[in-house]
file run-v8.cif (mmCIF, C-alpha atoms)
data_protein
loop_
_atom_site.group_PDB
_atom_site.id
_atom_site.type_symbol
_atom_site.label_atom_id
_atom_site.label_comp_id
_atom_site.auth_asym_id
_atom_site.auth_seq_id
_atom_site.Cartn_x
_atom_site.Cartn_y
_atom_site.Cartn_z
ATOM 1 C CA MET A 1 94.844 -76.362 131.520
ATOM 2 C CA HIS A 2 94.006 -79.591 133.289
ATOM 3 C CA GLY A 3 90.626 -80.297 131.703
ATOM 4 C CA PRO A 4 89.828 -81.759 128.284
ATOM 5 C CA VAL A 5 89.415 -79.418 125.341
ATOM 6 C CA THR A 6 86.964 -79.905 122.485
ATOM 7 C CA GLY A 7 85.989 -78.087 119.310
ATOM 8 C CA GLN A 8 87.047 -78.041 115.674
ATOM 9 C CA LEU A 9 88.717 -74.636 116.032
ATOM 10 C CA PHE A 10 91.115 -75.884 118.711
ATOM 11 C CA ALA A 11 91.624 -79.179 116.883
ATOM 12 C CA VAL A 12 93.172 -77.199 114.021
ATOM 13 C CA ILE A 13 94.952 -74.368 115.834
ATOM 14 C CA TYR A 14 96.903 -76.414 118.381
ATOM 15 C CA PRO A 15 98.603 -78.693 115.796
ATOM 16 C CA VAL A 16 99.428 -75.638 113.661
ATOM 17 C CA LEU A 17 100.954 -73.943 116.718
ATOM 18 C CA ALA A 18 103.063 -77.032 117.438
ATOM 19 C CA VAL A 19 104.187 -77.411 113.820
ATOM 20 C CA ILE A 20 105.281 -73.771 113.650
ATOM 21 C CA GLY A 21 106.450 -73.211 117.221
ATOM 22 C CA ILE A 22 108.606 -76.291 117.856
ATOM 23 C CA PRO A 23 110.832 -75.897 114.762
ATOM 24 C CA GLY A 24 110.887 -72.123 115.310
ATOM 25 C CA ASN A 25 112.184 -72.379 118.873
ATOM 26 C CA LEU A 26 114.631 -75.151 117.950
ATOM 27 C CA ALA A 27 115.947 -72.859 115.209
ATOM 28 C CA VAL A 28 116.294 -69.988 117.700
ATOM 29 C CA ILE A 29 118.223 -72.172 120.165
ATOM 30 C CA SER A 30 120.476 -73.619 117.449
ATOM 31 C CA VAL A 31 121.276 -70.371 115.627
ATOM 32 C CA LEU A 32 121.841 -68.347 118.811
ATOM 33 C CA SER A 33 124.085 -71.069 120.280
ATOM 34 C CA TRP A 34 126.491 -70.594 117.359
ATOM 35 C CA GLY A 35 127.155 -67.074 118.664
ATOM 36 C CA ARG A 36 127.335 -65.476 115.222
ATOM 37 C CA CYS A 37 124.280 -63.206 115.410
ATOM 38 C CA GLY A 38 126.135 -60.132 116.628
ATOM 39 C CA LEU A 39 124.422 -60.300 120.034
ATOM 40 C CA SER A 40 126.214 -60.076 123.355
ATOM 41 C CA LYS A 41 126.642 -63.252 125.409
ATOM 42 C CA CYS A 42 124.233 -61.811 127.968
ATOM 43 C CA ILE A 43 121.421 -61.323 125.445
ATOM 44 C CA THR A 44 122.148 -64.729 123.919
ATOM 45 C CA CYS A 45 121.840 -66.434 127.330
ATOM 46 C CA TYR A 46 118.472 -64.801 127.978
ATOM 47 C CA LEU A 47 117.111 -65.617 124.519
ATOM 48 C CA VAL A 48 118.270 -69.242 124.658
ATOM 49 C CA GLY A 49 116.712 -69.579 128.129
ATOM 50 C CA MET A 50 113.456 -68.031 126.889
ATOM 51 C CA ALA A 51 113.372 -70.239 123.799
ATOM 52 C CA THR A 52 113.967 -73.312 125.978
ATOM 53 C CA SER A 53 111.036 -72.438 128.250
ATOM 54 C CA ASP A 54 108.900 -71.727 125.163
ATOM 55 C CA LEU A 55 109.832 -75.182 123.871
ATOM 56 C CA LEU A 56 108.775 -76.711 127.195
ATOM 57 C CA VAL A 57 105.399 -74.983 126.864
ATOM 58 C CA LEU A 58 104.950 -76.354 123.344
ATOM 59 C CA VAL A 59 105.868 -79.910 124.345
ATOM 60 C CA PHE A 60 104.030 -80.227 127.652
ATOM 61 C CA ALA A 61 101.145 -77.769 127.227
ATOM 62 C CA VAL A 62 100.396 -77.883 123.518
ATOM 63 C CA VAL A 63 101.397 -81.415 122.470
ATOM 64 C CA LEU A 64 101.063 -83.545 125.616
ATOM 65 C CA ASN A 65 98.102 -81.643 127.087
ATOM 66 C CA ARG A 66 95.923 -79.961 124.488
ATOM 67 C CA ILE A 67 96.627 -82.049 121.364
ATOM 68 C CA GLN A 68 96.669 -85.250 123.392
ATOM 69 C CA SER A 69 93.243 -84.495 124.917
ATOM 70 C CA LEU A 70 91.855 -83.727 121.453
ATOM 71 C CA TYR A 71 93.193 -86.685 119.479
ATOM 72 C CA PHE A 72 94.228 -89.316 122.062
ATOM 73 C CA PRO A 73 91.891 -88.778 125.041
ATOM 74 C CA ASN A 74 92.256 -92.307 126.406
ATOM 75 C CA SER A 75 96.028 -92.753 126.130
ATOM 76 C CA PHE A 76 98.327 -93.451 129.079
ATOM 77 C CA LEU A 77 98.913 -89.681 129.331
ATOM 78 C CA SER A 78 95.309 -89.370 130.526
ATOM 79 C CA ILE A 79 95.927 -91.627 133.526
ATOM 80 C CA SER A 80 95.821 -89.428 136.618
ATOM 81 C CA PRO A 81 99.501 -89.618 137.723
ATOM 82 C CA SER A 82 100.688 -88.759 134.183
ATOM 83 C CA CYS A 83 98.092 -85.997 133.927
ATOM 84 C CA ARG A 84 99.151 -84.467 137.255
ATOM 85 C CA ILE A 85 102.854 -84.519 136.383
ATOM 86 C CA ASN A 86 102.151 -82.978 132.989
ATOM 87 C CA VAL A 87 100.071 -80.164 134.498
ATOM 88 C CA ALA A 88 102.907 -79.313 136.904
ATOM 89 C CA LEU A 89 105.380 -79.209 133.990
ATOM 90 C CA VAL A 90 102.981 -77.036 131.978
ATOM 91 C CA TYR A 91 103.030 -74.432 134.737
ATOM 92 C CA VAL A 92 106.825 -74.677 135.089
ATOM 93 C CA GLY A 93 107.212 -73.889 131.393
ATOM 94 C CA THR A 94 104.614 -71.108 131.360
ATOM 95 C CA ASP A 95 105.872 -69.378 134.500
ATOM 96 C CA SER A 96 109.494 -69.631 133.387
ATOM 97 C CA SER A 97 108.666 -68.220 129.951
ATOM 98 C CA VAL A 98 106.851 -65.213 131.429
ATOM 99 C CA TRP A 99 109.476 -64.442 134.069
ATOM 100 C CA LEU A 100 112.444 -64.856 131.744
ATOM 101 C CA THR A 101 110.700 -62.386 129.428
ATOM 102 C CA THR A 102 110.373 -60.035 132.399
ATOM 103 C CA ALA A 103 114.023 -60.541 133.375
ATOM 104 C CA PHE A 104 115.118 -59.868 129.803
ATOM 105 C CA THR A 105 113.058 -56.659 129.706
ATOM 106 C CA PHE A 106 114.743 -55.548 132.941
ATOM 107 C CA ASP A 107 118.166 -56.419 131.511
ATOM 108 C CA ARG A 108 117.494 -54.291 128.407
ATOM 109 C CA TYR A 109 116.347 -51.415 130.644
ATOM 110 C CA ILE A 110 119.614 -51.605 132.609
ATOM 111 C CA ALA A 111 121.689 -51.856 129.424
ATOM 112 C CA ILE A 112 120.045 -48.851 127.754
ATOM 113 C CA CYS A 113 119.277 -46.556 130.678
ATOM 114 C CA CYS A 114 121.870 -47.314 133.371
ATOM 115 C CA GLY A 115 125.317 -46.997 131.831
ATOM 116 C CA ALA A 116 127.446 -47.557 134.957
ATOM 117 C CA LEU A 117 125.355 -50.410 136.346
ATOM 118 C CA SER A 118 125.081 -52.148 132.967
ATOM 119 C CA VAL A 119 128.824 -52.897 132.942
ATOM 120 C CA ARG A 120 128.444 -55.027 136.084
ATOM 121 C CA TYR A 121 124.917 -56.386 135.618
ATOM 122 C CA CYS A 122 124.601 -57.125 131.878
ATOM 123 C CA GLN A 123 126.951 -60.088 131.892
ATOM 124 C CA ALA A 124 126.518 -63.674 130.702
ATOM 125 C CA ARG A 125 127.061 -65.025 134.228
ATOM 126 C CA THR A 126 124.229 -62.825 135.533
ATOM 127 C CA ALA A 127 121.901 -64.046 132.791
ATOM 128 C CA ARG A 128 122.781 -67.683 133.551
ATOM 129 C CA LEU A 129 122.215 -67.116 137.284
ATOM 130 C CA VAL A 130 118.842 -65.472 136.619
ATOM 131 C CA ALA A 131 117.739 -68.293 134.293
ATOM 132 C CA ILE A 132 118.800 -71.012 136.769
ATOM 133 C CA SER A 133 117.042 -69.180 139.612
ATOM 134 C CA VAL A 134 113.807 -68.814 137.608
ATOM 135 C CA TYR A 135 113.734 -72.491 136.606
ATOM 136 C CA THR A 136 114.574 -73.646 140.143
ATOM 137 C CA PHE A 137 112.008 -71.453 141.880
ATOM 138 C CA PHE A 138 109.117 -72.283 139.569
ATOM 139 C CA GLY A 139 110.112 -75.942 139.434
ATOM 140 C CA LEU A 140 109.807 -76.154 143.222
ATOM 141 C CA LYS A 141 106.653 -74.024 143.407
ATOM 142 C CA ASN A 142 104.755 -75.957 140.778
ATOM 143 C CA ILE A 143 105.363 -79.348 142.407
ATOM 144 C CA LEU A 144 102.345 -78.343 144.516
ATOM 145 C CA TRP A 145 100.090 -78.698 141.441
ATOM 146 C CA TYR A 146 100.544 -82.473 141.681
ATOM 147 C CA PHE A 147 98.867 -82.422 145.104
ATOM 148 C CA ALA A 148 96.196 -79.898 144.070
ATOM 149 C CA LEU A 149 94.744 -82.367 141.562
ATOM 150 C CA GLU A 150 92.779 -85.565 141.956
ATOM 151 C CA PRO A 151 91.402 -88.207 139.550
ATOM 152 C CA GLU A 152 88.294 -87.164 137.646
ATOM 153 C CA LYS A 153 87.005 -90.744 137.539
ATOM 154 C CA ILE A 154 88.118 -94.292 138.316
ATOM 155 C CA VAL A 155 87.435 -97.082 135.806
ATOM 156 C CA ASN A 156 88.390 -100.660 136.730
ATOM 157 C CA ASN A 157 90.560 -99.336 139.560
ATOM 158 C CA VAL A 158 92.467 -97.098 137.125
ATOM 159 C CA PRO A 159 92.325 -93.327 137.867
ATOM 160 C CA TRP A 160 91.687 -91.265 134.736
ATOM 161 C CA PHE A 161 92.235 -87.553 134.001
ATOM 162 C CA CYS A 162 92.724 -84.969 136.723
ATOM 163 C CA VAL A 163 90.699 -82.110 138.172
ATOM 164 C CA LEU A 164 91.254 -79.657 140.973
ATOM 165 C CA THR A 165 90.258 -80.969 144.378
ATOM 166 C CA LEU A 166 87.442 -79.271 146.238
ATOM 167 C CA ARG A 167 90.010 -78.278 148.898
ATOM 168 C CA TYR A 168 91.671 -76.035 146.309
ATOM 169 C CA TYR A 169 88.630 -73.719 146.474
ATOM 170 C CA THR A 170 87.846 -73.979 150.183
ATOM 171 C CA THR A 171 91.065 -74.478 152.170
ATOM 172 C CA SER A 172 92.973 -71.345 153.158
ATOM 173 C CA HIS A 173 96.446 -72.517 152.131
ATOM 174 C CA TRP A 174 95.218 -73.675 148.712
ATOM 175 C CA ILE A 175 93.362 -70.397 148.208
ATOM 176 C CA ALA A 176 96.594 -68.574 149.064
ATOM 177 C CA PHE A 177 98.465 -70.783 146.564
ATOM 178 C CA SER A 178 95.849 -69.981 143.925
ATOM 179 C CA TRP A 179 96.217 -66.241 144.442
ATOM 180 C CA LEU A 180 100.012 -66.546 144.511
ATOM 181 C CA ASN A 181 99.887 -68.186 141.089
ATOM 182 C CA ARG A 182 97.691 -65.473 139.616
ATOM 183 C CA VAL A 183 99.753 -62.660 141.134
ATOM 184 C CA LEU A 184 103.102 -64.125 140.062
ATOM 185 C CA THR A 185 101.879 -65.008 136.563
ATOM 186 C CA PRO A 186 100.870 -62.799 134.878
ATOM 187 C CA CYS A 187 99.873 -59.830 137.074
ATOM 188 C CA VAL A 188 103.289 -58.800 138.418
ATOM 189 C CA PRO A 189 105.078 -59.407 135.064
ATOM 190 C CA PHE A 190 102.401 -57.273 133.357
ATOM 191 C CA LEU A 191 103.202 -54.336 135.606
ATOM 192 C CA LEU A 192 106.976 -54.813 135.528
ATOM 193 C CA ILE A 193 107.223 -55.169 131.746
ATOM 194 C CA LEU A 194 105.021 -52.113 131.242
ATOM 195 C CA PHE A 195 106.998 -50.087 133.801
ATOM 196 C CA PHE A 196 110.460 -50.917 132.431
ATOM 197 C CA ASN A 197 109.398 -50.492 128.815
ATOM 198 C CA VAL A 198 107.955 -47.046 129.533
ATOM 199 C CA LEU A 199 111.211 -46.001 131.214
ATOM 200 C CA THR A 200 113.303 -47.480 128.391
ATOM 201 C CA VAL A 201 111.297 -45.863 125.593
ATOM 202 C CA ARG A 202 111.281 -42.511 127.404
ATOM 203 C CA HIS A 203 115.066 -42.683 127.772
ATOM 204 C CA ILE A 204 115.551 -43.598 124.089
ATOM 205 C CA LEU A 205 113.282 -40.796 122.859
ATOM 206 C CA PHE A 206 115.040 -38.265 125.080
ATOM 207 C CA ALA A 207 118.473 -39.432 123.883
ATOM 208 C CA ASN A 208 117.323 -39.238 120.262
ATOM 209 C CA ARG A 209 116.179 -35.627 120.690
ATOM 210 C CA VAL A 210 119.488 -34.653 122.284
ATOM 211 C CA ARG A 211 121.542 -36.342 119.548
ATOM 212 C CA ALA A 212 119.346 -34.820 116.819
ATOM 213 C CA ARG A 213 120.115 -31.304 118.134
ATOM 214 C CA LEU A 214 123.836 -32.063 118.375
ATOM 215 C CA ARG A 215 124.043 -33.628 114.904
ATOM 216 C CA GLN A 216 121.967 -31.136 112.901
ATOM 217 C CA GLY A 217 123.057 -31.131 109.261
ATOM 218 C CA ARG A 218 125.391 -34.105 109.676
ATOM 219 C CA MET A 219 125.224 -37.575 108.165
ATOM 220 C CA VAL A 220 122.757 -40.277 109.214
ATOM 221 C CA ASP A 221 122.896 -41.082 112.916
ATOM 222 C CA THR A 222 123.564 -44.842 113.139
ATOM 223 C CA GLU A 223 123.134 -44.936 116.904
ATOM 224 C CA ARG A 224 119.722 -43.305 116.608
ATOM 225 C CA ASN A 225 118.671 -45.924 114.076
ATOM 226 C CA ASN A 226 119.805 -48.664 116.456
ATOM 227 C CA ARG A 227 117.754 -47.118 119.255
ATOM 228 C CA GLN A 228 114.688 -47.022 117.008
ATOM 229 C CA LYS A 229 115.174 -50.699 116.252
ATOM 230 C CA SER A 230 115.334 -51.323 119.994
ATOM 231 C CA ILE A 231 111.983 -49.569 120.432
ATOM 232 C CA VAL A 232 110.437 -51.699 117.672
ATOM 233 C CA ALA A 233 111.774 -54.889 119.255
ATOM 234 C CA LEU A 234 110.561 -53.929 122.727
ATOM 235 C CA PHE A 235 107.102 -53.014 121.455
ATOM 236 C CA THR A 236 106.899 -56.240 119.447
ATOM 237 C CA ILE A 237 107.562 -58.507 122.390
ATOM 238 C CA SER A 238 105.598 -56.423 124.922
ATOM 239 C CA ALA A 239 102.536 -55.806 122.753
ATOM 240 C CA GLY A 240 102.361 -59.510 121.956
ATOM 241 C CA PHE A 241 102.588 -60.369 125.650
ATOM 242 C CA PHE A 242 99.877 -57.905 126.692
ATOM 243 C CA LEU A 243 97.441 -58.740 123.902
ATOM 244 C CA LEU A 244 97.776 -62.505 124.144
ATOM 245 C CA TRP A 245 97.421 -62.638 127.933
ATOM 246 C CA SER A 246 94.502 -60.176 128.152
ATOM 247 C CA THR A 247 91.816 -62.801 127.380
ATOM 248 C CA TYR A 248 93.181 -65.077 130.101
ATOM 249 C CA LEU A 249 93.071 -62.191 132.571
ATOM 250 C CA ALA A 250 89.483 -61.370 131.559
ATOM 251 C CA HIS A 251 88.453 -64.971 132.183
ATOM 252 C CA MET A 252 90.299 -65.033 135.510
ATOM 253 C CA LEU A 253 88.394 -61.956 136.671
ATOM 254 C CA TYR A 254 85.125 -63.449 135.418
ATOM 255 C CA TYR A 255 85.343 -66.727 137.277
ATOM 256 C CA ARG A 256 86.687 -65.061 140.425
ATOM 257 C CA LEU A 257 83.834 -62.529 140.506
ATOM 258 C CA THR A 258 81.093 -65.010 139.561
ATOM 259 C CA ARG A 259 82.695 -67.922 141.455
ATOM 260 C CA THR A 260 82.023 -70.161 138.450
ATOM 261 C CA PHE A 261 85.020 -72.429 138.790
ATOM 262 C CA SER A 262 84.185 -75.127 136.256
ATOM 263 C CA TYR A 263 82.013 -75.664 133.197
ATOM 264 C CA SER A 264 81.970 -77.997 130.240
ATOM 265 C CA PRO A 265 81.410 -77.456 126.503
ATOM 266 C CA GLY A 266 77.753 -78.393 126.971
ATOM 267 C CA THR A 267 77.059 -75.823 129.704
ATOM 268 C CA GLY A 268 78.076 -72.184 129.794
ATOM 269 C CA GLU A 269 79.231 -72.057 126.182
ATOM 270 C CA SER A 270 80.363 -68.418 126.309
ATOM 271 C CA ALA A 271 82.331 -68.867 129.528
ATOM 272 C CA TYR A 272 83.850 -72.123 128.250
ATOM 273 C CA LEU A 273 84.897 -70.451 124.992
ATOM 274 C CA LEU A 274 86.401 -67.530 126.927
ATOM 275 C CA GLN A 275 88.340 -69.988 129.086
ATOM 276 C CA GLU A 276 89.680 -71.989 126.161
ATOM 277 C CA MET A 277 90.533 -68.901 124.088
ATOM 278 C CA GLY A 278 92.389 -67.519 127.105
ATOM 279 C CA PHE A 279 94.394 -70.742 127.412
ATOM 280 C CA LEU A 280 95.081 -70.788 123.679
ATOM 281 C CA LEU A 281 96.316 -67.210 123.522
ATOM 282 C CA LEU A 282 98.530 -67.494 126.608
ATOM 283 C CA LEU A 283 100.091 -70.616 125.091
ATOM 284 C CA VAL A 284 100.679 -68.710 121.844
ATOM 285 C CA SER A 285 102.363 -65.955 123.884
ATOM 286 C CA SER A 286 104.448 -68.328 125.991
ATOM 287 C CA SER A 287 105.605 -70.418 123.039
ATOM 288 C CA THR A 288 106.310 -67.723 120.430
ATOM 289 C CA ASN A 289 107.568 -64.722 122.438
ATOM 290 C CA THR A 290 111.242 -65.413 121.780
ATOM 291 C CA CYS A 291 110.603 -66.037 118.099
ATOM 292 C CA LEU A 292 108.864 -62.659 117.846
ATOM 293 C CA TYR A 293 111.932 -60.934 119.258
ATOM 294 C CA THR A 294 114.672 -62.823 117.443
ATOM 295 C CA PHE A 295 112.999 -62.682 114.043
ATOM 296 C CA THR A 296 113.086 -58.860 114.228
ATOM 297 C CA GLN A 297 116.900 -59.071 114.290
ATOM 298 C CA SER A 298 118.376 -58.870 110.763
ATOM 299 C CA LYS A 299 121.585 -60.713 111.702
ATOM 300 C CA PHE A 300 119.587 -63.611 113.127
ATOM 301 C CA LYS A 301 117.521 -63.874 109.952
ATOM 302 C CA GLN A 302 120.713 -63.883 107.882
ATOM 303 C CA GLU A 303 122.242 -66.693 109.968
ATOM 304 C CA LEU A 304 118.994 -68.661 109.783
ATOM 305 C CA ARG A 305 118.989 -68.357 105.989
ATOM 306 C CA ASN A 306 122.599 -69.545 105.914
ATOM 307 C CA ALA A 307 121.700 -72.541 108.074
ATOM 308 C CA LEU A 308 118.748 -73.472 105.854
ATOM 309 C CA LEU A 309 120.788 -73.081 102.658
ATOM 310 C CA CYS A 310 123.793 -74.992 103.998
ATOM 311 C CA PRO A 311 122.426 -78.488 103.142
ATOM 312 C CA LEU A 312 121.568 -77.293 99.616
ATOM 313 C CA ARG A 313 125.047 -75.860 99.116
ATOM 314 C CA LEU A 314 126.643 -79.040 100.436
ATOM 315 C CA SER A 315 124.490 -81.176 98.129
ATOM 316 C CA GLY A 316 125.479 -78.958 95.175
ATOM 317 C CA ARG A 317 129.178 -79.341 95.964
ATOM 318 C CA LEU A 318 128.862 -83.128 96.268
ATOM 319 C CA LEU A 319 126.960 -83.273 92.988
ATOM 320 C CA ASN A 320 129.553 -81.110 91.222
ATOM 321 C CA ALA A 321 132.346 -83.278 92.627
ATOM 322 C CA ARG A 322 130.717 -86.438 91.273
ATOM 323 C CA LEU A 323 129.986 -84.902 87.877
ATOM 324 C CA GLY A 324 133.500 -83.497 87.697
#
call {"tool": "encode", "arguments": {"input": "run-v8.cif", "output": "structure tokens"}}
result
Amino acid sequence: MHGPVTGQLFAVIYPVLAVIGIPGNLAVISVLSWGRCGLSKCITCYLVGMATSDLLVLVFAVVLNRIQSLYFPNSFLSISPSCRINVALVYVGTDSSVWLTTAFTFDRYIAICCGALSVRYCQARTARLVAISVYTFFGLKNILWYFALEPEKIVNNVPWFCVLTLRYYTTSHWIAFSWLNRVLTPCVPFLLILFFNVLTVRHILFANRVRARLRQGRMVDTERNNRQKSIVALFTISAGFFLLWSTYLAHMLYYRLTRTFSYSPGTGESAYLLQEMGFLLLLVSSSTNTCLYTFTQSKFKQELRNALLCPLRLSGRLLNARLG
């Protein structure tokens, strides 16, 4: 995500993503912070942390990286030091978003499948500790991106843009750093999210069958309905993650196998399009994952409607007071 992006498709999609995603994540953070959505403090901490990382992705990756390179290619943000700092922050946001999603999936697995352990683990203090640890680790790790980049060109002694140094592809420690990045995000989260979701869904289905046999002929099973909603929520967030990151993974395998590490819009059109579509879809995943989950929760939608209608109600009361 450190090279310029071109094309009418991306010139439209990235602004739309920013216009939808930034207010959406701000709404998630605001509504959840009120604590009136019927969610535990633990879940609220994870969702607020995820929405915050999604917001970082939207600001640094979508607005200050992709939109800036499309509409303001020669602004001060394109000067090499600014570009290098922004790239590091892009990876901090993306990594944190993916790993907080993974941590949340693990938390839901513990809460649903491990009754005794859930009492100790599924606490707000644990969620806060996990979120702080994720941000700290990936903040420190991604500082290295600043040193992995160099100016693309120098004009009048001013360094412009940033590209990966040749050492990144040839030096052993940079190659190890490159593989560490790919393994940590998204390969390991892919496997962990899939593993914990399979265990969670299997546990829910088994529990539903047991309760159905015990409650034959009785009234509607509310707990079973809640479990089914949990399955829907888990599949929503997991399916979105897998589908939106798959193009990026395909491109990663392509350029690793073919050793085609860079291309421009004018050369290798198919590979360039695959690269940019991969970046676009992973940004969609990283910036909308929390919204996908929270907007499946009926209580959250009710509180959001109340928040949106509040200014209208207040205006109506003020108007009635003046007319009265």
call {"tool": "residues_around", "arguments": {"input": "run-v8.cif", "residues": "Leu184 of chain A", "least_positions_apart": "2", "cutoff": "12 Å", "atoms": "all atoms listed in the file", "output": "list of chain:residue names"}}
result
A:Tyr91, A:Thr94, A:Asp95, A:Ser96, A:Val98, A:Trp99, A:Thr102, A:Val134, A:Phe137, A:Phe138, A:Lys141, A:Asn142, A:Ala176, A:Phe177, A:Ser178, A:Trp179, A:Leu180, A:Asn181, A:Arg182, A:Pro186, A:Cys187, A:Val188, A:Pro189, A:Phe190, A:Leu191, A:Leu192
call {"tool": "closest_residue", "arguments": {"input": "run-v8.cif", "among": "A:Leu308, A:Thr101, A:Met277, A:Phe295", "to": "Phe241 of chain A", "atoms": "only C-alpha atoms"}}
result
A:Thr101
call {"tool": "residues_around", "arguments": {"input": "run-v8.cif", "residues": "segment 14-20 of chain A", "least_positions_apart": "2", "cutoff": "12 Å", "atoms": "only C-alpha atoms", "output": "PyMOL selection string"}}
result
chain A and resi 5-12+22-27+54-71+276-277+279-281+283-288+291
call {"tool": "resolve_selection", "arguments": {"input": "run-v8.cif", "expression": "the PyMOL selection byres ((chain A and resi 127) around 12)", "output": "PyMOL selection string"}}
result
chain A and resi 40-50+100-101+103-108+120-126+128-134
call {"tool": "closest_residue", "arguments": {"input": "run-v8.cif", "among": "A:Val201, A:Leu117, A:Leu282, A:Gln275", "to": "Ser97 of chain A", "atoms": "all atoms listed in the file"}}
result
A:Leu282
call {"tool": "atom_distance", "arguments": {"input": "run-v8.cif", "atom1": "atom CA of Cys113 of chain A", "atom2": "atom CA of Phe196 of chain A"}}
result
10.0 Å
call {"tool": "atom_distance", "arguments": {"input": "run-v8.cif", "atom1": "atom CA of Tyr109 of chain A", "atom2": "atom CA of Phe206 of chain A"}}
result
14.3 Å
call {"tool": "closest_residue", "arguments": {"input": "run-v8.cif", "among": "A:Tyr293, A:Phe300, A:Trp160, A:Tyr254", "to": "Arg84 of chain A", "atoms": "only C-alpha atoms"}}
result
A:Trp160
call {"tool": "axis_aligned_box", "arguments": {"input": "run-v8.cif", "around": "segment 196-211 of chain A", "padding_each_side": "3 Å", "output": "JSON"}}
result
{"center_x": 114.7, "center_y": -42.8, "center_z": 126.0, "size_x": 19.6, "size_y": 22.3, "size_z": 18.9}
call {"tool": "atom_distance", "arguments": {"input": "run-v8.cif", "atom1": "atom CA of Arg36 of chain A", "atom2": "atom CA of Tyr135 of chain A"}}
result
26.3 Å
call {"tool": "resolve_selection", "arguments": {"input": "run-v8.cif", "expression": "the PyMOL selection byres ((chain A and resi 78) around 12)", "output": "mmCIF file with C-alpha atoms, in the frame of the given file"}}
result
data_model
loop_
_atom_site.group_PDB
_atom_site.id
_atom_site.type_symbol
_atom_site.label_atom_id
_atom_site.label_comp_id
_atom_site.auth_asym_id
_atom_site.auth_seq_id
_atom_site.Cartn_x
_atom_site.Cartn_y
_atom_site.Cartn_z
ATOM 1 C CA HIS A 2 94.006 -79.591 133.289
ATOM 2 C CA GLY A 3 90.626 -80.297 131.703
ATOM 3 C CA PRO A 4 89.828 -81.759 128.284
ATOM 4 C CA LEU A 64 101.063 -83.545 125.616
ATOM 5 C CA ASN A 65 98.102 -81.643 127.087
ATOM 6 C CA ARG A 66 95.923 -79.961 124.488
ATOM 7 C CA ILE A 67 96.627 -82.049 121.364
ATOM 8 C CA GLN A 68 96.669 -85.250 123.392
ATOM 9 C CA SER A 69 93.243 -84.495 124.917
ATOM 10 C CA LEU A 70 91.855 -83.727 121.453
ATOM 11 C CA TYR A 71 93.193 -86.685 119.479
ATOM 12 C CA PHE A 72 94.228 -89.316 122.062
ATOM 13 C CA PRO A 73 91.891 -88.778 125.041
ATOM 14 C CA ASN A 74 92.256 -92.307 126.406
ATOM 15 C CA SER A 75 96.028 -92.753 126.130
ATOM 16 C CA PHE A 76 98.327 -93.451 129.079
ATOM 17 C CA LEU A 77 98.913 -89.681 129.331
ATOM 18 C CA ILE A 79 95.927 -91.627 133.526
ATOM 19 C CA SER A 80 95.821 -89.428 136.618
ATOM 20 C CA PRO A 81 99.501 -89.618 137.723
ATOM 21 C CA SER A 82 100.688 -88.759 134.183
ATOM 22 C CA CYS A 83 98.092 -85.997 133.927
ATOM 23 C CA ARG A 84 99.151 -84.467 137.255
ATOM 24 C CA ILE A 85 102.854 -84.519 136.383
ATOM 25 C CA ASN A 86 102.151 -82.978 132.989
ATOM 26 C CA VAL A 87 100.071 -80.164 134.498
ATOM 27 C CA PRO A 151 91.402 -88.207 139.550
ATOM 28 C CA GLU A 152 88.294 -87.164 137.646
ATOM 29 C CA LYS A 153 87.005 -90.744 137.539
ATOM 30 C CA ILE A 154 88.118 -94.292 138.316
ATOM 31 C CA VAL A 158 92.467 -97.098 137.125
ATOM 32 C CA PRO A 159 92.325 -93.327 137.867
ATOM 33 C CA TRP A 160 91.687 -91.265 134.736
ATOM 34 C CA PHE A 161 92.235 -87.553 134.001
ATOM 35 C CA CYS A 162 92.724 -84.969 136.723
ATOM 36 C CA VAL A 163 90.699 -82.110 138.172
#
call {"tool": "closest_residue", "arguments": {"input": "run-v8.cif", "among": "A:Ile237, A:Val28, A:Leu244, A:Leu164", "to": "Leu292 of chain A", "atoms": "all atoms listed in the file"}}
result
A:Ile237
